[in-house]
Amino acid sequence: MKLSTTSIACLATLFLATSCGVFGSLNSNTSIKPNETFVLGKNEHNTFKTYLKNEGTTTLKIYQAPLNGGTHSPVVIKPKGTATIKTAKNTALIIENTGNEYGSVTLKVKGDLNLGMTYNNQ
């Protein structure tokens, strides 16, 4: 079977659109070092909603941190546990690996996807 140039271009466009989140979601599996945090959205942005699944063997602590300071809404996710968290405008979602082993979390994010992402040491 021979693919035409148009078919190849359509497939490439579909792949790029899907991988860049054009359809309104971001899907990721993120590893977090022991006693470190992964920060999602530490920049100016609109609201977003995150489905999280703890794929690792350590407990994860999730909380929100508005850009103007403070933290609130702590949630603890045990191994294999899940949570869905709505995050306000200009507020970061902090995922803290509280254990002594690497943590792993699956993230499905919807809403504003213009989110800064970084790791921080405790």
# chains A, B, ... in the order shown; residues from 1 in each chain; ligands from 1
>>> closest_atom_pairs(of="range 87-114 of chain A", to="range 74-79 of chain A", cutoff="10 Å", atoms="only C-alpha atoms", output="tab-separated table")
residue	atom	partner	partner_atom	distance
A:Ile94	CA	A:Pro74	CA	9.4
A:Ile95	CA	A:Val75	CA	9.6
A:Glu96	CA	A:Val76	CA	9.5
A:Thr98	CA	A:Val76	CA	9.8
A:Gly103	CA	A:Pro79	CA	9.2
A:Ser104	CA	A:Pro79	CA	9.3
A:Val105	CA	A:Pro79	CA	9.5
>>> residues_around(residues="Leu107 in chain A", least_positions_apart="4", cutoff="6 Å", atoms="only C-alpha atoms", output="ChimeraX atom specification")
/A:27-28,51-52
>>> closest_residue(among="A:Ile32, A:Leu40, A:Leu26, A:Ile85", to="Glu55 in chain A", atoms="only C-alpha atoms")
A:Ile32
>>> atom_distance(atom1="CA of Thr50 in chain A", atom2="CA of Gln64 in chain A")
11.8 Å
>>> residues_around(residues="Gly99 in chain A", least_positions_apart="3", cutoff="8 Å", atoms="only C-alpha atoms", output="PDB file with C-alpha atoms, in the first residue's frame")
ATOM      1  CA  PRO A  34      12.720  11.213  46.689  1.00  0.00           C
ATOM      2  CA  ASN A  35      11.781  14.199  48.861  1.00  0.00           C
ATOM      3  CA  THR A  58       5.551   6.313  47.819  1.00  0.00           C
ATOM      4  CA  THR A  59       2.863   8.629  49.166  1.00  0.00           C
ATOM      5  CA  LEU A  60       2.366  11.893  47.278  1.00  0.00           C
ATOM      6  CA  TYR A 102      11.362   7.657  43.200  1.00  0.00           C
ATOM      7  CA  GLY A 103       7.702   8.571  42.822  1.00  0.00           C
TER       8      GLY A 103
END
>>> residues_around(residues="Thr71 in chain A", least_positions_apart="5", cutoff="10 Å", atoms="only C-alpha atoms", output="list in words")
Tyr63, Gln64, Ala65, Pro66, Thr91, Ala92, Leu93 and Ile94 of chain A
>>> write_last_selection(atoms="N, CA, C and O atoms", output="compact mmCIF listing (two decimals), in the first residue's frame")
# COMPACT_ATOMS: atom_id res chain seq x y z
N TYR A 63 -0.72 19.92 46.85
CA TYR A 63 -1.31 21.15 47.38
C TYR A 63 -1.19 22.25 46.34
O TYR A 63 -0.50 22.10 45.33
N GLN A 64 -1.90 23.34 46.60
CA GLN A 64 -1.92 24.46 45.67
C GLN A 64 -1.18 25.64 46.27
O GLN A 64 -1.20 25.85 47.48
N ALA A 65 -0.50 26.42 45.40
CA ALA A 65 0.30 27.55 45.84
C ALA A 65 0.03 28.75 44.93
O ALA A 65 0.57 28.81 43.82
N PRO A 66 -0.80 29.69 45.37
CA PRO A 66 -1.04 30.90 44.58
C PRO A 66 0.29 31.65 44.34
O PRO A 66 1.18 31.63 45.20
N THR A 91 -2.35 29.93 40.06
CA THR A 91 -2.03 29.09 41.21
C THR A 91 -1.30 27.85 40.70
O THR A 91 -1.72 27.23 39.73
N ALA A 92 -0.21 27.49 41.36
CA ALA A 92 0.56 26.31 40.98
C ALA A 92 0.01 25.08 41.70
O ALA A 92 -0.49 25.17 42.82
N LEU A 93 0.13 23.94 41.06
CA LEU A 93 -0.18 22.66 41.67
C LEU A 93 1.15 22.01 42.02
O LEU A 93 2.00 21.79 41.15
N ILE A 94 1.35 21.74 43.31
CA ILE A 94 2.61 21.17 43.80
C ILE A 94 2.39 19.69 44.09
O ILE A 94 1.48 19.33 44.82
